[in-house]
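**Student:** My structure is below; once you've seen it, I'll send some questions.
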Amino acid sequence: MGLLALGTPLPWDEAKRYADHVRTHGITQFLHIWDRLKDRCGDELMWGDEIEYMVIKFDNDDRNAKLSLRQTEILEKLKTITNDIASDRGETDSVPTFHPEYGRFMLESTPGSPYTGALADLLSVEPDMRYRRNLARKYLKANEIPFTLTSFPRLGVPGEFMEPFCDPADAVSSHSLFLPEQITNPHARFPTLTANIRRRRGSKVAINLPLFIDENTPRPFIDPTIPWERNLYAEDHEAKDGAALPDHIYMDAMGFGMGCCCLQITFQACNVTEARRLYDALVPVAPLMLALTAASPLWRGYVADVDCRWDVVSASVDDRTEEERGLKPLQENRFQIPKSRYASVSLYLSEHWFNRPEYNDVYAPHDEAIFERLREHGIDKLLSKHISHLFIRDPLVVFSETIDQDDANSNDHFENIQSTNWQTLRFKPPPVNSPIGWRVEFRSMEVQITDFENAAFAVFVVLLSRAILNFNLNLYIPISKVDENMARAQRRDALHTQKFYFRKDVFPPGSTSATPTPSATSSGYSSPIDGTNGVPRKEKKLRNCYPEAPAPENGFRRTPVEQEYEEMTLAEIMNGKGNAFPGLLSLVVAYLDTLDFDETARQKIDAYLDLIRRRTSGSLKTAATWMREFVRSHPGYKFDSVVSQEINYDLVVALDEIERGTRKAEDFLPADYRPKA
Ligand code: ADP
Ligand code: MG
Ligand code: MG
Ligand code: MG
Ligand code: MG
Ligand code: MG
C-alpha cells in the first residue's frame, strides 16, 4: 500500500460527490508527470520485491494457531529497530522497510533499496528476504511467527481464529457474518475502503469458492457454520437469499481477499516505451506464474477446489453496482463493467508493432471525456485508453483535508484511482519530485513458504523480463485467452491438469539473429550478442534499453491471429514445444549464458531454475498441493472437506518447521534446502 496519508475519510455519500473532482485532478496530475517525464530515458534496471506476511500466534496448550492482531505494535517496534540499525550504520539504504497492510495481522517488507542490475544483486535477493524475515521474527513475541502463507486456512471460522478474540457482531464496516471489525488495519483508510465498497455496491461483497467435495462431504453442501438467521445488520439476509451458494465456501468481506499475502516484483524500465513493452510482454505470463506459485487451497475452515487466491481477492473488493454488473439496466451508472477493480489486465498498451489491434479483444469500457482530454494533450491512443479505462472507477477513499491539491507537485488524486485498480500488471509512472523512473509491477504471484522459493520466483521473473527484451520475444496472444488462462490457473492442480493458451512462435518474423540456435553453450542456445570471431561477449550486468526488433517490410503477410497460439501444458510452455518454441526456462537459460557469472554464482541461479523446473514437472509439489495432501492425510481429517482447529495447528507447525529446515519435505523442496541466516 502507498503512504498512509492521515486525515478524515469521507463516508461514501460524501466521497462520491468528489469522484469527478478526483478524476479530473488525477488526470491533470498525470499530465504534469507526462509532460515532465515522457522523454526521460536511460534509467538503469532497478528492481525490488514486496513480501507480505501474516503473523500467527501458536497457542500450544489448546493446539490452536491464530492470527495475531498486534500489527500496530509490531510495526512500531520494527520501525524503532530499523531506525537504530540505520543510525548505527550511518545510512538507511541497506535497512529494510516494513509496511502496514489491510489485515491487522499482516506485515509487508521491501528491501532497503532496490536491487540493481549488478549480477551480485541476484544473489542478494534471498539473503535480503531472509534478513527481513529474521528481523520480524526476532522482535515478535516468543510464540508469534511471521508466515509467508497466502491464505489463512481458518480465517472467519466461528470461534477462536484470532488473538484477541473479537465478535463479528461488531463488524461495523463490512457487516460480515464472519470477520470482526478488528481484523482490519485500524488506520482510517482501511475501514473506509471496506465500508465504501459495500455502500457503493449496494450489498456486501459475495465470494463463493467451489468446495472440494471429498468422500464424506454432505451433498448438497449447505454450510452449517453460516449464521443464516442472524438479524443484526441490514445485509444479514443476503446469505440465505442467494448470496451463499450450495457446494461453495461463502465469504462476505474484503478481509477474506485483502487479508491474503502475495509476492510482487517491480522493475524500472529505461523509458516509458520499454515499460509499456515489458508490461504487455508480462501480461500473458501472469496466469502462468499464478499456476506455478499456487499456494492457497484452504479457506474459512474448508478445503477448496481451487489452489489460488486471485478470484477471492477479486470478489472481495468488487464495488460494482448491480447496473455495472449488468443485472439491471443502466440508470444511475455510466458503464457496464465486466471486471472487478481487482482483475487481470484488460488492455495491452504498447505501441510496439508486435501489438496487433486484434489482441485487445475484450470489452474494456473507458471514460470518453478523459480519453479525449489525453488525446488532445498529444498522448497516443493506447496509453489514453489504458488511463481512461482505469479512470472509469470511482475513488473509494477521499480525505477531506486533501481534496484540493497542488496538481503540479502531487500525484495523490492520480494514485487514488491508479492504486485501487489492482490488476495483474501495474504500469507505474514516476512519482512526483523523485529520482524514480517508469516502472512495471508484476502482481499475480502467490507468496511462497520459504525465502528460497520467493527468491527463486522473483529472480526468475526478472531474468525472464531480460530474456524478453534481449531476444525480442513476442508473447502476445488475445487478452480473452489470457483471461481464460487466469481462470484455469486457479483450478486445483492447474499446473498438471490444465492447458494454457500460448504463442507457438515467440521470435520476430524472419529474425535469425534473435533466434537462439544450438551451440556449445550449456543451454544449447548461443547468445544473440555474440562478439566478433565467434567469441561470446559476456555481459557484466542485467541491463535496460534493448534495441527493438525492426518492423517488417511493407507487404509482410501476418499469420491470422487465431493461428498464432495454441493450448499447451505448462511443461511445454516452460520446457519448449516443437522447433519454434524453446520454452521459457530455456530462454532464461539462454539469457543467463550471455552473462558473465562465476561458477558459484551461476550454480545458485541454476538452483532457482531447478526449483521451478521441478515444480513444473511435478517432482516437487506446489505449496497448494502439499497443504492439500497434508490435510487429507491428517489422522483427524474426516474426509468431509473440513480443516479443523487441530489440523490447521499441525499444518502451520509443519510449515514453520519446513521453513526453518528442521522438518524435511523432499516432495516440496530440494533435499539440500537450508534456510541460510
Ligand atoms: P507498492 O506497494 O505501491 O507496489 P512498495 O513501495 O511497497 O510499492 O514497493 C515498491 C517496490 O519497488 C519495492 O520492492 C522497491 O524496492 C522497488 N523499487 C523502489 N525503487 C525502485 C525503482 N527506482 N525501480 C524499480 N523498483 C524500485
Ligand atoms: Mg502489499
Ligand atoms: Mg507495497
Ligand atoms: Mg501495495
Ligand atoms: Mg508503497
Ligand atoms: Mg506492490
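By convention here, the chains of the C-alpha cells are called A, B, ... in the order presented, each chain's residues are numbered starting at 1, and ligands are numbered starting at 1 in the order presented.
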Tell me, counting only C-alpha atoms and all ligand atoms, for each residue of chain A within 9 Å of ligand 1, which pair of atoms is nearest and how far apart they are in Å to one decimal, in rows ordered by chain and increasing number, as CSV.
**Tutor:**
residue,atom,partner,partner_atom_place_in_ligand_line,distance
A:Met1,CA,ligand 1,2 (O),4.2
A:Gly2,CA,ligand 1,3 (O),5.0
A:Leu3,CA,ligand 1,6 (O),8.3
A:Asp43,CA,ligand 1,23 (N),8.5
A:Glu44,CA,ligand 1,24 (N),8.5
A:Leu45,CA,ligand 1,24 (N),6.9
A:Met46,CA,ligand 1,24 (N),4.3
A:Trp47,CA,ligand 1,26 (N),3.8
A:Gly48,CA,ligand 1,14 (O),3.2
A:Asp49,CA,ligand 1,14 (O),3.8
A:Glu50,CA,ligand 1,14 (O),5.0
A:Ile51,CA,ligand 1,14 (O),8.5
A:Thr97,CA,ligand 1,7 (O),8.9
A:Phe98,CA,ligand 1,7 (O),8.8
A:His99,CA,ligand 1,7 (O),7.2
A:Glu108,CA,ligand 1,7 (O),7.5
A:Ser109,CA,ligand 1,7 (O),7.4
A:Thr110,CA,ligand 1,14 (O),5.0
A:Pro111,CA,ligand 1,16 (O),5.2
A:Gly112,CA,ligand 1,16 (O),6.8
A:Ser113,CA,ligand 1,16 (O),5.4
A:Pro114,CA,ligand 1,16 (O),3.9
A:Tyr115,CA,ligand 1,16 (O),6.9
A:Thr116,CA,ligand 1,24 (N),8.6
A:Gln264,CA,ligand 1,4 (O),7.4
A:Ile265,CA,ligand 1,14 (O),6.2
A:Thr266,CA,ligand 1,12 (O),4.8
A:Phe267,CA,ligand 1,25 (C),4.2
A:Gln268,CA,ligand 1,24 (N),4.0
A:Ala269,CA,ligand 1,24 (N),7.7
A:Ser419,CA,ligand 1,3 (O),7.3
A:Arg426,CA,ligand 1,4 (O),8.5
A:Lys428,CA,ligand 1,3 (O),8.7
A:Pro430,CA,ligand 1,23 (N),8.5
A:Pro435,CA,ligand 1,23 (N),7.2
A:Ile436,CA,ligand 1,23 (N),4.3
A:Gly437,CA,ligand 1,23 (N),5.9
A:Trp438,CA,ligand 1,24 (N),7.7
A:Arg439,CA,ligand 1,25 (C),6.0
A:Val440,CA,ligand 1,25 (C),7.9
A:Glu441,CA,ligand 1,4 (O),7.0
A:Arg443,CA,ligand 1,4 (O),8.7
**Student:** I want to know what sits within 9 Å of Arg334 (chain A), based on only C-alpha atoms, with residues of the same chain fewer than 4 positions away left out; could you give that as a list in words?
**Tutor:**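 Contacts, with the query itself left out: Glu323, Glu324, Leu330 and Ile392 of chain A.
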**Student:** Hey, can you spit out that residue selection with C-alpha atoms as a CSV table (one decimal), in the first residue's frame?
**Tutor:**
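File again-v2.csv, as written:
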chain,number,residue,atom,x,y,z
A,323,GLU,CA,-26.2,-1.9,-13.0
A,324,GLU,CA,-22.5,-2.1,-13.6
A,330,LEU,CA,-28.1,1.4,-16.7
A,392,ILE,CA,-13.9,4.6,-15.0
**Student:** Could you give me, as a PDB file with C-alpha atoms, in the first residue's frame, the residues within 10 Å of region 342-347 of chain A, counting only C-alpha atoms and dropping anything in the same chain fewer than 6 positions from it?
**Tutor:**
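Output contents, as saved in result_38.pdb:
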ATOM      1  CA  TYR A 279       4.068  -4.554 -19.305  1.00  0.00           C
ATOM      2  CA  ASP A 280       2.480  -6.144 -22.350  1.00  0.00           C
ATOM      3  CA  VAL A 283       0.528  -9.882 -19.274  1.00  0.00           C
ATOM      4  CA  PRO A 284       0.382 -13.443 -20.726  1.00  0.00           C
ATOM      5  CA  ALA A 286       0.902 -13.553 -15.178  1.00  0.00           C
ATOM      6  CA  PRO A 287      -1.528 -16.514 -15.191  1.00  0.00           C
ATOM      7  CA  TRP A 310      -6.946 -14.473  -7.167  1.00  0.00           C
ATOM      8  CA  ASP A 311     -10.717 -14.767  -7.584  1.00  0.00           C
ATOM      9  CA  VAL A 312     -11.251 -14.399  -3.852  1.00  0.00           C
ATOM     10  CA  VAL A 313      -9.410 -11.093  -3.760  1.00  0.00           C
ATOM     11  CA  SER A 314     -11.179 -10.010  -6.912  1.00  0.00           C
ATOM     12  CA  ALA A 315     -14.641 -10.623  -5.469  1.00  0.00           C
ATOM     13  CA  SER A 316     -13.651  -9.231  -2.073  1.00  0.00           C
ATOM     14  CA  VAL A 317     -13.265  -5.689  -3.440  1.00  0.00           C
ATOM     15  CA  ASP A 318     -15.883  -5.825  -6.162  1.00  0.00           C
ATOM     16  CA  ASP A 319     -17.597  -2.475  -5.697  1.00  0.00           C
ATOM     17  CA  TYR A 359      -5.143  -8.735 -29.291  1.00  0.00           C
ATOM     18  CA  ASN A 360      -7.215  -6.186 -27.366  1.00  0.00           C
ATOM     19  CA  ASP A 361     -10.328  -8.281 -27.830  1.00  0.00           C
ATOM     20  CA  VAL A 362     -12.212  -7.928 -24.545  1.00  0.00           C
ATOM     21  CA  TYR A 363     -14.697  -5.193 -23.776  1.00  0.00           C
ATOM     22  CA  ALA A 364     -12.894  -2.647 -21.592  1.00  0.00           C
ATOM     23  CA  PRO A 365     -15.031   0.450 -21.096  1.00  0.00           C
ATOM     24  CA  LEU A 382      -3.288   3.010 -26.460  1.00  0.00           C
ATOM     25  CA  LEU A 383      -1.990   4.847 -23.422  1.00  0.00           C
ATOM     26  CA  LYS A 385      -7.226   4.044 -23.478  1.00  0.00           C
ATOM     27  CA  HIS A 386      -5.297   2.483 -20.621  1.00  0.00           C
ATOM     28  CA  HIS A 389     -10.072   2.669 -18.613  1.00  0.00           C
ATOM     29  CA  LEU A 390      -8.560   2.833 -15.123  1.00  0.00           C
ATOM     30  CA  THR A 420      -7.206   0.880  -6.374  1.00  0.00           C
ATOM     31  CA  ASN A 421      -7.057  -0.721  -9.827  1.00  0.00           C
ATOM     32  CA  TRP A 422      -5.459  -3.930  -8.688  1.00  0.00           C
ATOM     33  CA  GLN A 423      -4.565  -5.704 -11.906  1.00  0.00           C
ATOM     34  CA  THR A 424      -2.111  -8.483 -12.738  1.00  0.00           C
ATOM     35  CA  LEU A 425       0.340  -5.860 -14.019  1.00  0.00           C
ATOM     36  CA  ARG A 426       0.618  -2.245 -12.981  1.00  0.00           C
ATOM     37  CA  ARG A 443       1.435  -8.805  -9.248  1.00  0.00           C
ATOM     38  CA  SER A 444      -0.014 -12.249  -9.864  1.00  0.00           C
ATOM     39  CA  PRO A 478      -5.508 -12.163 -27.380  1.00  0.00           C
ATOM     40  CA  ILE A 479      -6.434 -10.813 -23.942  1.00  0.00           C
ATOM     41  CA  SER A 480      -9.532 -13.041 -23.945  1.00  0.00           C
ATOM     42  CA  VAL A 482      -5.123 -14.565 -21.125  1.00  0.00           C
ATOM     43  CA  ASP A 483      -8.362 -14.190 -19.171  1.00  0.00           C
ATOM     44  CA  MET A 486      -6.357 -16.802 -15.422  1.00  0.00           C
ATOM     45  CA  ALA A 487      -9.473 -18.851 -14.764  1.00  0.00           C
TER      46      ALA A 487
END
**Student:** Please list as a ChimeraX atom specification every residue within 10 Å of Ala601 (chain A), counting only C-alpha atoms and excluding residues in the same chain fewer than 5 positions away.
**Tutor:** /A:119-120,122-123,596,606
**Student:** With N, CA and C atoms kept, could you save the residues just selected as a JSON list (two decimals), in the first residue's frame?
**Tutor:**
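In the end it all went to out.json:
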[["chain", "number", "residue", "atom", "x", "y", "z"],
["A", 119, "LEU", "N", 25.14, -8.34, -11.25],
["A", 119, "LEU", "CA", 24.87, -9.78, -11.12],
["A", 119, "LEU", "C", 24.87, -10.20, -9.66],
["A", 120, "ALA", "N", 25.72, -9.57, -8.86],
["A", 120, "ALA", "CA", 25.78, -9.92, -7.44],
["A", 120, "ALA", "C", 24.43, -9.68, -6.76],
["A", 122, "LEU", "N", 21.54, -10.36, -7.84],
["A", 122, "LEU", "CA", 20.65, -11.51, -7.98],
["A", 122, "LEU", "C", 20.84, -12.46, -6.81],
["A", 123, "LEU", "N", 22.06, -12.48, -6.31],
["A", 123, "LEU", "CA", 22.37, -13.39, -5.21],
["A", 123, "LEU", "C", 22.06, -12.77, -3.86],
["A", 596, "ASP", "N", 28.13, -12.81, -17.45],
["A", 596, "ASP", "CA", 29.46, -13.18, -17.01],
["A", 596, "ASP", "C", 29.46, -13.62, -15.54],
["A", 606, "ASP", "N", 21.09, -21.42, -10.97],
["A", 606, "ASP", "CA", 20.59, -22.68, -11.51],
["A", 606, "ASP", "C", 19.71, -23.43, -10.51]]
**Student:** Would you please work out which residue, of A:Thr148, A:Lys57, A:Leu263, A:Ala118, is nearest to ligand 4 when using only C-alpha atoms and all ligand atoms?
**Tutor:**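 Smallest distance to ligand 4 is found for A:Leu263.
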**Student:** Can you pull out the residues contacting Arg300 (chain A)? Cut-off 6 Å, using only C-alpha atoms, and skip same-chain residues under 2 positions away; I want them as JSON, numbers by chain.
**Tutor:** {"A": [153, 154, 155, 156, 157, 302]}
**Student:** Given the choices A:Asn579, A:Gln418, A:Ser68, A:Gln563, which gets closest to Pro395 (chain A) if the distance is worked out from only C-alpha atoms?
**Tutor:**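 Under the stated criterion, the closest residue is A:Gln418.
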**Student:** Output as JSON, numbers by chain all residues of region 212-400 of chain A that backbone DSSP marks as alpha helix (DSSP H).
**Tutor:** {"A": [254, 255, 256, 257, 258, 272, 273, 274, 275, 276, 277, 278, 279, 280, 281, 282, 285, 286, 287, 288, 289, 290, 291, 292, 310, 311, 312, 313, 314, 315, 316, 368, 369, 370, 371, 372, 373, 374, 375, 376, 381, 382, 383, 384, 385, 386, 387, 388, 389, 390]}
**Student:** For the residues selected in the previous step, produce a file with N, CA and C atoms as a tab-separated table (two decimals), in the first residue's frame.
**Tutor:**
chain	number	residue	atom	x	y	z
A	254	MET	N	-14.25	-7.89	2.59
A	254	MET	CA	-12.98	-7.52	1.97
A	254	MET	C	-11.80	-8.25	2.61
A	255	GLY	N	-11.89	-8.48	3.92
A	255	GLY	CA	-10.78	-9.09	4.64
A	255	GLY	C	-10.41	-10.48	4.15
A	256	PHE	N	-11.37	-11.20	3.57
A	256	PHE	CA	-11.05	-12.54	3.07
A	256	PHE	C	-10.08	-12.47	1.90
A	257	GLY	N	-10.19	-11.40	1.10
A	257	GLY	CA	-9.29	-11.26	-0.05
A	257	GLY	C	-8.07	-10.44	0.28
A	258	MET	N	-8.29	-9.23	0.79
A	258	MET	CA	-7.15	-8.35	1.07
A	258	MET	C	-6.39	-8.82	2.32
A	272	VAL	N	9.63	5.17	-20.97
A	272	VAL	CA	8.21	4.80	-20.94
A	272	VAL	C	7.90	3.75	-22.02
A	273	THR	N	8.59	3.82	-23.14
A	273	THR	CA	8.32	2.85	-24.22
A	273	THR	C	8.68	1.44	-23.79
A	274	GLU	N	9.85	1.32	-23.14
A	274	GLU	CA	10.26	-0.01	-22.70
A	274	GLU	C	9.36	-0.51	-21.57
A	275	ALA	N	8.90	0.40	-20.74
A	275	ALA	CA	7.98	-0.01	-19.67
A	275	ALA	C	6.69	-0.57	-20.27
A	276	ARG	N	6.20	0.08	-21.30
A	276	ARG	CA	4.97	-0.39	-21.93
A	276	ARG	C	5.18	-1.72	-22.64
A	277	ARG	N	6.33	-1.87	-23.25
A	277	ARG	CA	6.66	-3.13	-23.93
A	277	ARG	C	6.72	-4.29	-22.93
A	278	LEU	N	7.36	-4.01	-21.79
A	278	LEU	CA	7.53	-5.03	-20.77
A	278	LEU	C	6.19	-5.38	-20.10
A	279	TYR	N	5.40	-4.36	-19.88
A	279	TYR	CA	4.07	-4.55	-19.31
A	279	TYR	C	3.30	-5.55	-20.16
A	280	ASP	N	3.23	-5.27	-21.45
A	280	ASP	CA	2.48	-6.14	-22.35
A	280	ASP	C	3.06	-7.56	-22.37
A	281	ALA	N	4.38	-7.64	-22.43
A	281	ALA	CA	5.01	-8.96	-22.55
A	281	ALA	C	4.71	-9.82	-21.33
A	282	LEU	N	4.56	-9.17	-20.18
A	282	LEU	CA	4.33	-9.95	-18.96
A	282	LEU	C	2.85	-10.26	-18.72
A	285	VAL	N	2.20	-13.79	-19.13
A	285	VAL	CA	3.00	-14.58	-18.19
A	285	VAL	C	2.31	-14.66	-16.83
A	286	ALA	N	1.50	-13.64	-16.52
A	286	ALA	CA	0.90	-13.55	-15.18
A	286	ALA	C	0.11	-14.80	-14.77
A	287	PRO	N	-0.80	-15.31	-15.61
A	287	PRO	CA	-1.53	-16.51	-15.19
A	287	PRO	C	-0.62	-17.74	-15.02
A	288	LEU	N	0.43	-17.81	-15.83
A	288	LEU	CA	1.33	-18.96	-15.73
A	288	LEU	C	2.04	-18.96	-14.37
A	289	MET	N	2.48	-17.77	-13.95
A	289	MET	CA	3.18	-17.68	-12.68
A	289	MET	C	2.21	-17.89	-11.51
A	290	LEU	N	0.95	-17.55	-11.72
A	290	LEU	CA	-0.04	-17.83	-10.69
A	290	LEU	C	-0.18	-19.34	-10.50
A	291	ALA	N	-0.31	-20.07	-11.60
A	291	ALA	CA	-0.43	-21.53	-11.50
A	291	ALA	C	0.83	-22.14	-10.88
A	292	LEU	N	1.99	-21.62	-11.25
A	292	LEU	CA	3.25	-22.18	-10.73
A	292	LEU	C	3.46	-21.90	-9.25
A	310	TRP	N	-6.62	-15.60	-6.31
A	310	TRP	CA	-6.95	-14.47	-7.17
A	310	TRP	C	-8.44	-14.10	-7.19
A	311	ASP	N	-9.29	-15.09	-7.46
A	311	ASP	CA	-10.72	-14.77	-7.58
A	311	ASP	C	-11.33	-14.34	-6.25
A	312	VAL	N	-10.75	-14.81	-5.16
A	312	VAL	CA	-11.25	-14.40	-3.85
A	312	VAL	C	-10.98	-12.91	-3.65
A	313	VAL	N	-9.74	-12.51	-3.94
A	313	VAL	CA	-9.41	-11.09	-3.76
A	313	VAL	C	-10.26	-10.25	-4.70
A	314	SER	N	-10.40	-10.75	-5.91
A	314	SER	CA	-11.18	-10.01	-6.91
A	314	SER	C	-12.60	-9.74	-6.41
A	315	ALA	N	-13.26	-10.79	-5.94
A	315	ALA	CA	-14.64	-10.62	-5.47
A	315	ALA	C	-14.69	-9.83	-4.16
A	316	SER	N	-13.62	-9.87	-3.40
A	316	SER	CA	-13.65	-9.23	-2.07
A	316	SER	C	-13.63	-7.71	-2.14
A	368	GLU	N	-14.87	8.40	-21.98
A	368	GLU	CA	-14.62	9.05	-23.26
A	368	GLU	C	-14.07	10.46	-23.10
A	369	ALA	N	-14.58	11.20	-22.13
A	369	ALA	CA	-14.11	12.59	-21.96
A	369	ALA	C	-12.63	12.60	-21.53
A	370	ILE	N	-12.29	11.66	-20.66
A	370	ILE	CA	-10.89	11.58	-20.23
A	370	ILE	C	-10.01	11.13	-21.39
A	371	PHE	N	-10.51	10.18	-22.15
A	371	PHE	CA	-9.78	9.72	-23.34
A	371	PHE	C	-9.49	10.89	-24.27
A	372	GLU	N	-10.53	11.69	-24.56
A	372	GLU	CA	-10.36	12.84	-25.47
A	372	GLU	C	-9.37	13.85	-24.89
A	373	ARG	N	-9.45	14.04	-23.58
A	373	ARG	CA	-8.55	15.01	-22.96
A	373	ARG	C	-7.09	14.54	-23.10
A	374	LEU	N	-6.86	13.28	-22.90
A	374	LEU	CA	-5.49	12.75	-23.03
A	374	LEU	C	-5.03	12.84	-24.49
A	375	ARG	N	-5.93	12.52	-25.42
A	375	ARG	CA	-5.60	12.58	-26.84
A	375	ARG	C	-5.27	14.01	-27.24
A	376	GLU	N	-6.09	14.95	-26.76
A	376	GLU	CA	-5.82	16.35	-27.11
A	376	GLU	C	-4.49	16.82	-26.54
A	381	LYS	N	-3.21	6.74	-28.63
A	381	LYS	CA	-4.49	6.08	-28.33
A	381	LYS	C	-4.37	5.00	-27.26
A	382	LEU	N	-3.35	4.16	-27.36
A	382	LEU	CA	-3.29	3.01	-26.46
A	382	LEU	C	-3.08	3.44	-25.01
A	383	LEU	N	-2.19	4.39	-24.79
A	383	LEU	CA	-1.99	4.85	-23.42
A	383	LEU	C	-3.22	5.63	-22.94
A	384	SER	N	-3.81	6.40	-23.83
A	384	SER	CA	-5.02	7.14	-23.45
A	384	SER	C	-6.14	6.16	-23.05
A	385	LYS	N	-6.22	5.08	-23.79
A	385	LYS	CA	-7.23	4.04	-23.48
A	385	LYS	C	-6.95	3.43	-22.10
A	386	HIS	N	-5.68	3.11	-21.88
A	386	HIS	CA	-5.30	2.48	-20.62
A	386	HIS	C	-5.72	3.36	-19.44
A	387	ILE	N	-5.31	4.64	-19.50
A	387	ILE	CA	-5.61	5.53	-18.37
A	387	ILE	C	-7.11	5.78	-18.26
A	388	SER	N	-7.76	6.00	-19.39
A	388	SER	CA	-9.19	6.31	-19.30
A	388	SER	C	-10.01	5.07	-18.94
A	389	HIS	N	-9.43	3.90	-19.11
A	389	HIS	CA	-10.07	2.67	-18.61
A	389	HIS	C	-9.92	2.58	-17.09
A	390	LEU	N	-8.73	2.84	-16.59
A	390	LEU	CA	-8.56	2.83	-15.12
A	390	LEU	C	-9.50	3.85	-14.48
**Student:** Can you tell me which residues surround Ile27 (chain A) at a distance of at most 9 Å, considering only C-alpha atoms, apart from same-chain residues fewer than 2 positions away, and format the answer as a PyMOL selection string?
**Tutor:** chain A and resi 22-25+29-32+370+373-374+387+391+413-414
**Student:** What would the file look like if the residues just selected were written as a compact mmCIF listing (two decimals), in the first residue's frame with N, CA and C atoms?
**Tutor:**
# COMPACT_ATOMS: atom_id res chain seq x y z
N VAL A 22 -11.81 14.23 -8.18
CA VAL A 22 -10.59 13.41 -8.04
C VAL A 22 -10.12 12.95 -9.41
N ARG A 23 -11.05 12.52 -10.25
CA ARG A 23 -10.65 12.05 -11.59
C ARG A 23 -10.04 13.19 -12.41
N THR A 24 -10.71 14.34 -12.40
CA THR A 24 -10.22 15.46 -13.22
C THR A 24 -8.82 15.87 -12.77
N HIS A 25 -8.66 16.04 -11.45
CA HIS A 25 -7.35 16.47 -10.97
C HIS A 25 -6.33 15.34 -11.05
N GLN A 29 -2.81 15.74 -12.82
CA GLN A 29 -1.55 15.34 -12.18
C GLN A 29 -0.76 14.40 -13.08
N PHE A 30 -1.47 13.46 -13.72
CA PHE A 30 -0.78 12.56 -14.63
C PHE A 30 -0.15 13.36 -15.79
N LEU A 31 -0.89 14.33 -16.29
CA LEU A 31 -0.38 15.11 -17.43
C LEU A 31 0.87 15.91 -17.05
N HIS A 32 0.90 16.41 -15.81
CA HIS A 32 2.11 17.09 -15.35
C HIS A 32 3.30 16.13 -15.37
N ILE A 370 -12.29 11.66 -20.66
CA ILE A 370 -10.89 11.58 -20.23
C ILE A 370 -10.01 11.13 -21.39
N ARG A 373 -9.45 14.04 -23.58
CA ARG A 373 -8.55 15.01 -22.96
C ARG A 373 -7.09 14.54 -23.10
N LEU A 374 -6.86 13.28 -22.90
CA LEU A 374 -5.49 12.75 -23.03
C LEU A 374 -5.03 12.84 -24.49
N ILE A 387 -5.31 4.64 -19.50
CA ILE A 387 -5.61 5.53 -18.37
C ILE A 387 -7.11 5.78 -18.26
N PHE A 391 -9.69 4.97 -15.18
CA PHE A 391 -10.44 6.08 -14.60
C PHE A 391 -11.96 5.96 -14.77
N HIS A 413 -4.30 12.32 -6.18
CA HIS A 413 -5.58 12.01 -6.83
C HIS A 413 -5.37 10.97 -7.93
N PHE A 414 -4.28 11.11 -8.68
CA PHE A 414 -3.97 10.09 -9.69
C PHE A 414 -3.81 8.73 -9.02
**Student:** Please provide as a PyMOL selection string all residues within 10 Å of Ser619 (chain A), with the sequence filter that same-chain residues fewer than 6 positions apart are discarded (counting only C-alpha atoms).
**Tutor:** chain A and resi 611+613+666-670
**Student:** Would you mind exporting the chosen residues as a compact mmCIF listing (two decimals), in the first residue's frame, restricted to N, CA and C atoms?
**Tutor:**
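Contents of again36.txt, freshly written:
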# COMPACT_ATOMS: atom_id res chain seq x y z
N LEU A 611 14.37 -25.43 -9.09
CA LEU A 611 13.14 -25.49 -8.29
C LEU A 611 11.93 -25.33 -9.20
N ARG A 613 11.77 -25.76 -12.44
CA ARG A 613 11.70 -26.91 -13.34
C ARG A 613 11.04 -28.10 -12.64
N GLU A 666 10.91 -33.52 1.22
CA GLU A 666 11.64 -33.65 -0.04
C GLU A 666 10.73 -33.78 -1.25
N ASP A 667 9.41 -33.83 -0.99
CA ASP A 667 8.47 -33.76 -2.11
C ASP A 667 8.06 -32.32 -2.37
N PHE A 668 8.61 -31.39 -1.61
CA PHE A 668 8.20 -29.98 -1.70
C PHE A 668 9.39 -29.05 -1.98
N LEU A 669 10.52 -29.32 -1.33
CA LEU A 669 11.73 -28.51 -1.52
C LEU A 669 12.89 -29.42 -1.88
N PRO A 670 13.92 -28.88 -2.53
CA PRO A 670 15.08 -29.72 -2.84
C PRO A 670 15.69 -30.28 -1.56
**Student:** Restricting the calculation to only C-alpha atoms and all ligand atoms, which member of A:Pro582, A:Arg219, A:Glu101, A:Arg189 is positioned closest to ligand 5?
**Tutor:**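 Result for the nearest residue to ligand 5: A:Glu101.
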**Student:** Just checking: using only C-alpha atoms and all ligand atoms, which residue out of A:Leu570, A:Ala623, A:Ala188, A:Cys262 ends up closest to ligand 3?
**Tutor:**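 For ligand 3, the nearest of the candidates is A:Cys262.
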**Student:** One decimal, in Å: what's the spacing between CA of Tyr649 (chain A) and CA of Asn60 (chain A)?
**Tutor:**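 Between these atoms lies a distance of 8.8 Å.
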**Student:** Please compute the CA of Asp451 (chain A)-CA of Lys676 (chain A) distance, one decimal, in Å.
**Tutor:** 9.6 Å
**Student:** Which one of A:Lys328, A:Lys577, A:Lys638, A:Arg199 sits closest to Glu14 (chain A) if you count only C-alpha atoms?
**Tutor:**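 Smallest separation from Glu14 (chain A) among the options: A:Arg199.
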**Student:** Which of these, A:Lys77, A:Lys240, A:Arg36, A:His352, has the shortest distance to Ala551 (chain A) once you count only C-alpha atoms?
**Tutor:** A:His352
**Student:** Going by DSSP on the backbone, which bits of region 282-504 of chain A are strand (DSSP E)? Write them as a ChimeraX atom specification, please.
**Tutor:** /A:298-299,302-303,342-343,422-423,425-428,439-442,499-503
